[in-house]
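Enquirer: Next comes final.tsv, TSV, C-alpha atoms and all ligand atoms:
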chain	number	residue	atom	x	y	z
K	1	MET	CA	95.10	146.75	102.83
K	2	SER	CA	92.17	148.78	101.68
K	3	ILE	CA	90.05	147.16	99.04
K	4	SER	CA	88.46	150.41	97.95
K	5	ALA	CA	89.35	151.51	94.45
K	6	ALA	CA	92.08	154.14	94.24
K	7	GLN	CA	91.22	157.26	92.28
K	8	PRO	CA	93.84	158.49	89.80
K	9	SER	CA	94.89	162.06	90.39
K	10	GLY	CA	97.64	164.52	89.64
K	11	PRO	CA	99.58	165.39	86.49
K	12	GLY	CA	99.72	162.69	83.89
K	13	SER	CA	96.78	160.77	85.23
K	14	ALA	CA	94.09	159.52	82.92
K	15	THR	CA	91.61	162.11	84.15
K	16	ASP	CA	93.57	165.35	83.82
K	17	SER	CA	92.59	166.13	80.25
K	18	GLY	CA	89.88	168.74	80.59
K	19	SER	CA	86.41	167.35	81.01
K	20	ASP	CA	86.91	164.28	78.83
K	21	SER	CA	86.51	161.01	80.64
K	22	VAL	CA	89.19	158.41	80.08
K	23	ILE	CA	86.78	156.44	77.93
K	24	ASP	CA	86.14	159.50	75.76
K	25	ARG	CA	89.91	159.68	75.24
K	26	LEU	CA	89.95	156.05	74.19
K	27	LEU	CA	87.16	156.68	71.70
K	28	SER	CA	89.07	159.62	70.20
K	29	ALA	CA	92.12	157.40	69.85
K	30	ASN	CA	89.97	154.76	68.17
K	31	GLU	CA	88.75	157.24	65.56
K	32	ARG	CA	92.36	158.03	64.66
K	33	TYR	CA	93.21	154.32	64.62
K	34	ALA	CA	90.31	153.44	62.36
K	35	GLY	CA	91.17	156.34	60.07
K	36	ALA	CA	94.53	154.74	59.28
K	37	PHE	CA	93.35	151.13	59.51
K	38	HIS	CA	93.71	148.76	56.60
K	39	ASP	CA	91.97	145.41	56.89
K	40	PRO	CA	94.77	142.82	56.82
K	41	GLY	CA	92.24	140.19	55.73
K	42	MET	CA	93.25	137.68	58.36
K	43	ASP	CA	91.12	134.85	59.63
K	44	ALA	CA	90.78	134.27	63.36
K	45	GLN	CA	93.37	131.50	63.69
K	46	PRO	CA	96.55	132.82	65.33
K	47	VAL	CA	99.37	132.74	62.79
K	48	LEU	CA	101.93	131.32	65.24
K	49	GLY	CA	99.54	128.80	66.81
K	50	VAL	CA	100.33	130.02	70.31
K	51	ALA	CA	98.24	131.20	73.24
K	52	VAL	CA	99.80	133.47	75.86
K	53	VAL	CA	98.34	133.56	79.37
K	54	ALA	CA	99.61	136.55	81.32
K	55	CYS	CA	98.88	138.87	84.20
K	56	MET	CA	96.83	141.94	83.39
K	57	ASP	CA	99.60	144.15	84.83
K	58	ALA	CA	99.74	147.45	82.94
K	59	ARG	CA	103.55	147.33	82.72
K	60	ILE	CA	103.62	144.28	80.46
K	61	ASP	CA	103.37	145.01	76.74
K	62	LEU	CA	103.05	141.41	75.61
K	63	HIS	CA	103.33	142.02	71.89
K	64	ALA	CA	106.42	144.18	72.22
K	65	ALA	CA	108.04	141.96	74.84
K	66	LEU	CA	107.64	138.82	72.74
K	67	GLY	CA	108.08	140.27	69.25
K	68	LEU	CA	104.49	139.46	68.38
K	69	ARG	CA	102.55	141.08	65.58
K	70	LEU	CA	98.83	141.49	65.01
K	71	GLY	CA	97.27	138.12	64.37
K	72	ASP	CA	100.13	136.06	65.79
K	73	CYS	CA	98.64	134.77	69.03
K	74	HIS	CA	95.80	134.59	71.49
K	75	THR	CA	96.32	136.62	74.64
K	76	ILE	CA	94.42	135.62	77.76
K	77	ARG	CA	94.94	137.98	80.67
K	78	ASN	CA	93.66	138.21	84.22
K	79	ALA	CA	94.90	139.26	87.66
K	80	GLY	CA	98.02	137.17	88.18
K	81	GLY	CA	97.95	135.33	84.87
K	82	VAL	CA	96.26	132.58	86.84
K	83	VAL	CA	95.04	129.42	85.15
K	84	THR	CA	91.45	129.48	86.35
K	85	ASP	CA	88.51	127.50	84.99
K	86	ASP	CA	87.80	130.44	82.72
K	87	THR	CA	91.39	130.45	81.48
K	88	ILE	CA	90.97	126.76	80.64
K	89	ARG	CA	87.74	127.65	78.84
K	90	SER	CA	89.59	130.13	76.63
K	91	LEU	CA	92.54	127.78	76.06
K	92	THR	CA	90.20	124.96	75.13
K	93	ILE	CA	88.48	127.11	72.53
K	94	SER	CA	91.86	128.43	71.38
K	95	GLN	CA	93.14	124.91	70.75
K	96	ARG	CA	90.08	123.02	69.62
K	97	ALA	CA	88.34	125.72	67.56
K	98	LEU	CA	91.20	127.96	66.49
K	99	GLY	CA	94.17	125.67	66.08
K	100	THR	CA	96.72	126.76	68.69
K	101	ARG	CA	99.14	124.14	70.00
K	102	SER	CA	101.58	125.98	72.28
K	103	VAL	CA	100.90	127.69	75.61
K	104	VAL	CA	103.08	130.39	77.17
K	105	LEU	CA	102.43	131.37	80.80
K	106	ILE	CA	103.76	134.71	82.04
K	107	HIS	CA	103.76	135.92	85.63
K	108	HIS	CA	105.91	138.84	86.71
K	109	THR	CA	107.92	140.51	89.44
K	110	GLY	CA	106.05	142.89	91.70
K	111	CYS	CA	102.66	141.32	91.05
K	112	GLY	CA	99.74	142.72	93.04
K	113	LEU	CA	98.75	139.20	94.02
K	114	GLN	CA	101.91	138.93	96.12
K	115	SER	CA	100.76	141.78	98.34
K	116	ILE	CA	97.30	140.48	99.21
K	117	THR	CA	96.10	137.25	100.76
K	118	GLU	CA	93.01	135.12	100.70
K	119	ASP	CA	91.79	137.43	103.52
K	120	PHE	CA	90.80	139.70	100.65
K	121	ARG	CA	87.71	137.52	100.30
K	122	ASN	CA	86.88	137.92	103.99
K	123	GLU	CA	87.22	141.69	103.71
K	124	LEU	CA	84.95	141.68	100.69
K	125	GLU	CA	82.36	139.59	102.47
K	126	HIS	CA	82.51	141.94	105.45
K	127	GLU	CA	82.07	144.98	103.20
K	128	VAL	CA	79.38	143.80	100.81
K	129	GLY	CA	77.69	141.01	102.73
K	130	GLN	CA	78.39	138.37	100.12
K	131	ARG	CA	81.31	135.99	99.80
K	132	PRO	CA	82.82	135.69	96.31
K	133	THR	CA	82.75	132.22	94.82
K	134	TRP	CA	86.17	132.71	93.25
K	135	ALA	CA	89.55	132.28	94.89
K	136	VAL	CA	91.83	135.31	95.07
K	137	GLU	CA	94.75	133.13	93.91
K	138	ALA	CA	97.19	135.18	95.96
K	139	PHE	CA	100.72	133.77	96.17
K	140	SER	CA	104.08	134.41	97.82
K	141	ASP	CA	106.44	132.13	95.84
K	142	ILE	CA	106.24	133.30	92.25
K	143	ASP	CA	108.24	130.39	90.81
K	144	GLN	CA	105.94	127.92	92.51
K	145	ASP	CA	102.91	129.80	91.26
K	146	VAL	CA	104.14	129.52	87.68
K	147	ARG	CA	104.68	125.79	88.21
K	148	GLN	CA	101.15	125.46	89.54
K	149	SER	CA	99.81	127.20	86.46
K	150	MET	CA	101.79	124.88	84.17
K	151	THR	CA	100.45	121.89	86.07
K	152	ARG	CA	96.87	123.10	85.70
K	153	VAL	CA	97.34	123.36	81.93
K	154	ARG	CA	99.12	120.02	81.61
K	155	THR	CA	96.52	118.16	83.65
K	156	SER	CA	93.44	119.66	82.05
K	157	PRO	CA	91.30	116.98	80.42
K	158	PHE	CA	89.90	119.51	77.95
K	159	LEU	CA	93.08	120.60	76.21
K	160	ALA	CA	94.25	118.75	73.13
K	161	HIS	CA	97.88	119.94	73.11
K	162	LYS	CA	99.96	119.88	76.29
K	163	ASP	CA	103.46	119.05	75.00
K	164	ASP	CA	104.59	122.63	74.46
K	165	VAL	CA	103.67	124.43	77.68
K	166	ARG	CA	106.31	126.77	79.14
K	167	GLY	CA	106.20	129.20	82.03
K	168	PHE	CA	108.12	132.41	82.71
K	169	VAL	CA	108.55	135.31	85.11
K	170	PHE	CA	108.73	138.72	83.42
K	171	ASP	CA	110.98	141.22	85.21
K	172	VAL	CA	109.16	144.56	85.06
K	173	HIS	CA	112.46	146.42	85.61
K	174	THR	CA	114.59	144.72	82.94
K	175	GLY	CA	111.95	143.48	80.51
K	176	LEU	CA	113.54	140.03	80.52
K	177	LEU	CA	111.76	136.71	80.82
K	178	ARG	CA	113.12	134.05	83.16
K	179	GLU	CA	111.99	130.52	82.41
K	180	ILE	CA	110.61	128.39	85.22
K	181	THR	CA	111.36	124.71	84.93
K	182	ALA	CA	108.89	122.13	86.10
K	183	GLN	CA	109.78	120.21	89.26
D	201	ZN	ZN	100.46	140.78	88.18
Is it possible to give me this structure as structure tokens?

Expert:
Amino acid sequence: MSISAAQPSGPGSATDSGSDSVIDRLLSANERYAGAFHDPGMDAQPVLGVAVVACMDARIDLHAALGLRLGDCHTIRNAGGVVTDDTIRSLTISQRALGTRSVVLIHHTGCGLQSITEDFRNELEHEVGQRPTWAVEAFSDIDQDVRQSMTRVRTSPFLAHKDDVRGFVFDVHTGLLREITAQ
């Protein structure tokens, strides 16, 4: 596959609104948001004491899908919803500094990481002359990948709370979560 960035085009794309850049559109939306904003006076500790680790996929509206409201949880997102060292960094701070105790892991059907391989790194090295230090974390068996993520959380020496760690696959066509049991 090509690793060059695709350019959005055509009706409905983020760039078809006159000369505004997409970021200008976001800033306009923010002005409207702030105009109606009322400070809820919350502190930074998530109300429900839960951290959600999920793929960055644009089709997953985590708050809507899980019935979450502002202030309820930490959301940690990356390509694949992978539990990387940096995910552990965020979870460690979430638990030890901000009081969360539960971890929800969400991968999903049709994930981009199922359509690439670790060759992605070789292609990158060929193109830019430098090999990334990070793993792509591509996978083919989504259930097994969720289990691996759960294992990484449960075996981390840095986390204080590992009793309530559950993993799921979100179906982007039905909106339903399917729980993955540990093996
Ligand atoms: Zn994904």

Enquirer: Pick out the closest residue to His108 of chain K from this set: K:Arg131, K:Arg166, K:Arg59, K:Arg147. Count only C-alpha atoms.

Expert: K:Arg59

Enquirer: Using only C-alpha atoms for the distances, tell me which of K:Gly99, K:Gly80, K:Pro157, K:Gly129 is nearest to Cys55 of chain K.

Expert: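 When distances to Cys55 of chain K are compared using only C-alpha atoms, the smallest one comes from K:Gly80.
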
Enquirer: Hey, can you check how far atom CA of Ala44 of chain K sits from atom CA of Ile76 of chain K?

Expert: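 Those two atoms sit 14.9 Å apart.
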
Enquirer: Please find the residues contacting ligand ZN 201 (chain D) at a distance of at most 8 Å between atoms, with only C-alpha atoms and all ligand atoms counted, and report them as a PDB file with C-alpha atoms, keeping the file's coordinate frame.

Expert:
ATOM      1  CA  CYS K  55      98.880 138.870  84.200  1.00  0.00           C
ATOM      2  CA  MET K  56      96.830 141.940  83.390  1.00  0.00           C
ATOM      3  CA  ASP K  57      99.600 144.150  84.830  1.00  0.00           C
ATOM      4  CA  ALA K  79      94.900 139.260  87.660  1.00  0.00           C
ATOM      5  CA  GLY K  80      98.020 137.170  88.180  1.00  0.00           C
ATOM      6  CA  GLY K  81      97.950 135.330  84.870  1.00  0.00           C
ATOM      7  CA  HIS K 107     103.760 135.920  85.630  1.00  0.00           C
ATOM      8  CA  HIS K 108     105.910 138.840  86.710  1.00  0.00           C
ATOM      9  CA  THR K 109     107.920 140.510  89.440  1.00  0.00           C
ATOM     10  CA  GLY K 110     106.050 142.890  91.700  1.00  0.00           C
ATOM     11  CA  CYS K 111     102.660 141.320  91.050  1.00  0.00           C
ATOM     12  CA  GLY K 112      99.740 142.720  93.040  1.00  0.00           C
ATOM     13  CA  LEU K 113      98.750 139.200  94.020  1.00  0.00           C
TER      14      LEU K 113
END

Enquirer: Give as an MDAnalysis selection string the set of residues within 10 Å of the point (95.2, 128.4, 71.7), where distances use the file's coordinates and all atoms listed in the file.

Expert: chainID K and resid 45:46 48:53 73:76 90:104 159:161

Enquirer: One decimal, Å: what's the distance from atom CA of Leu177 of chain K over to atom CA of Ile116 of chain K, could you say?

Expert: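 If I compute the distance from atom CA of Leu177 of chain K to atom CA of Ile116 of chain K, I get 23.7 Å.
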
Enquirer: Taking all atoms listed in the file into account, which of K:Asn30, K:Ile180, K:Gly175, K:Glu125 comes nearest Gln144 of chain K?

Expert: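 Among the listed residues, K:Ile180 lies closest to Gln144 of chain K.
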
Enquirer: As an exercise, work out the distance from atom CA of Asp39 of chain K to atom CA of Asn78 of chain K in Å and give it to one decimal place.

Expert: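 Distance reported for this atom pair: 28.3 Å.
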
Enquirer: Got a sec to check which residues sit within 8 Å of (100.0, 132.4, 99.6), counting all atoms listed in the file, and write them as a PDB file with C-alpha atoms, in the coordinates of the input?

Expert:
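File written: selection_16.pdb
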ATOM      1  CA  GLN K 114     101.910 138.930  96.120  1.00  0.00           C
ATOM      2  CA  THR K 117      96.100 137.250 100.760  1.00  0.00           C
ATOM      3  CA  GLU K 118      93.010 135.120 100.700  1.00  0.00           C
ATOM      4  CA  GLU K 137      94.750 133.130  93.910  1.00  0.00           C
ATOM      5  CA  ALA K 138      97.190 135.180  95.960  1.00  0.00           C
ATOM      6  CA  PHE K 139     100.720 133.770  96.170  1.00  0.00           C
ATOM      7  CA  SER K 140     104.080 134.410  97.820  1.00  0.00           C
ATOM      8  CA  ASP K 141     106.440 132.130  95.840  1.00  0.00           C
TER       9      ASP K 141
END

Enquirer: Leaving out Met150 of chain K and any residue of its chain fewer than 2 positions from it, which residues lie within 12 Å of it when counting only C-alpha atoms, given as a PyMOL selection string?

Expert: chain K and resi 53+81-84+88+102-107+143-148+152-156+162-168+179-183

Enquirer: Which residues, written as JSON, numbers by chain, have at least one atom at most 9 Å from Arg121 of chain K, with all atoms listed in the file counted and residues fewer than 6 positions away on the same chain left out?

Expert: {"K": [131, 132, 134, 135, 136]}

Enquirer: Complete the atoms of segment 102-113 of chain K to N, CA and C atoms and put them out as a compact mmCIF listing (two decimals), in the coordinates of the input.

Expert:
# COMPACT_ATOMS: atom_id res chain seq x y z
N SER K 102 100.60 125.64 71.24
CA SER K 102 101.58 125.98 72.28
C SER K 102 100.95 126.94 73.29
N VAL K 103 101.40 126.82 74.55
CA VAL K 103 100.90 127.69 75.61
C VAL K 103 102.09 128.33 76.33
N VAL K 104 102.07 129.65 76.42
CA VAL K 104 103.08 130.39 77.17
C VAL K 104 102.41 131.03 78.38
N LEU K 105 102.99 130.81 79.57
CA LEU K 105 102.43 131.37 80.80
C LEU K 105 103.40 132.42 81.33
N ILE K 106 102.89 133.62 81.59
CA ILE K 106 103.76 134.71 82.04
C ILE K 106 103.23 135.35 83.32
N HIS K 107 103.99 135.17 84.40
CA HIS K 107 103.76 135.92 85.63
C HIS K 107 104.87 136.97 85.68
N HIS K 108 104.91 137.77 86.74
CA HIS K 108 105.91 138.84 86.71
C HIS K 108 106.31 139.29 88.10
N THR K 109 107.44 139.95 88.17
CA THR K 109 107.92 140.51 89.44
C THR K 109 106.98 141.64 89.87
N GLY K 110 106.85 141.80 91.17
CA GLY K 110 106.05 142.89 91.70
C GLY K 110 104.57 142.76 91.43
N CYS K 111 104.08 141.53 91.35
CA CYS K 111 102.66 141.32 91.05
C CYS K 111 101.79 141.70 92.25
N GLY K 112 100.66 142.32 91.98
CA GLY K 112 99.74 142.72 93.04
C GLY K 112 99.25 141.55 93.87
N LEU K 113 99.25 140.36 93.29
CA LEU K 113 98.75 139.20 94.02
C LEU K 113 99.73 138.71 95.08
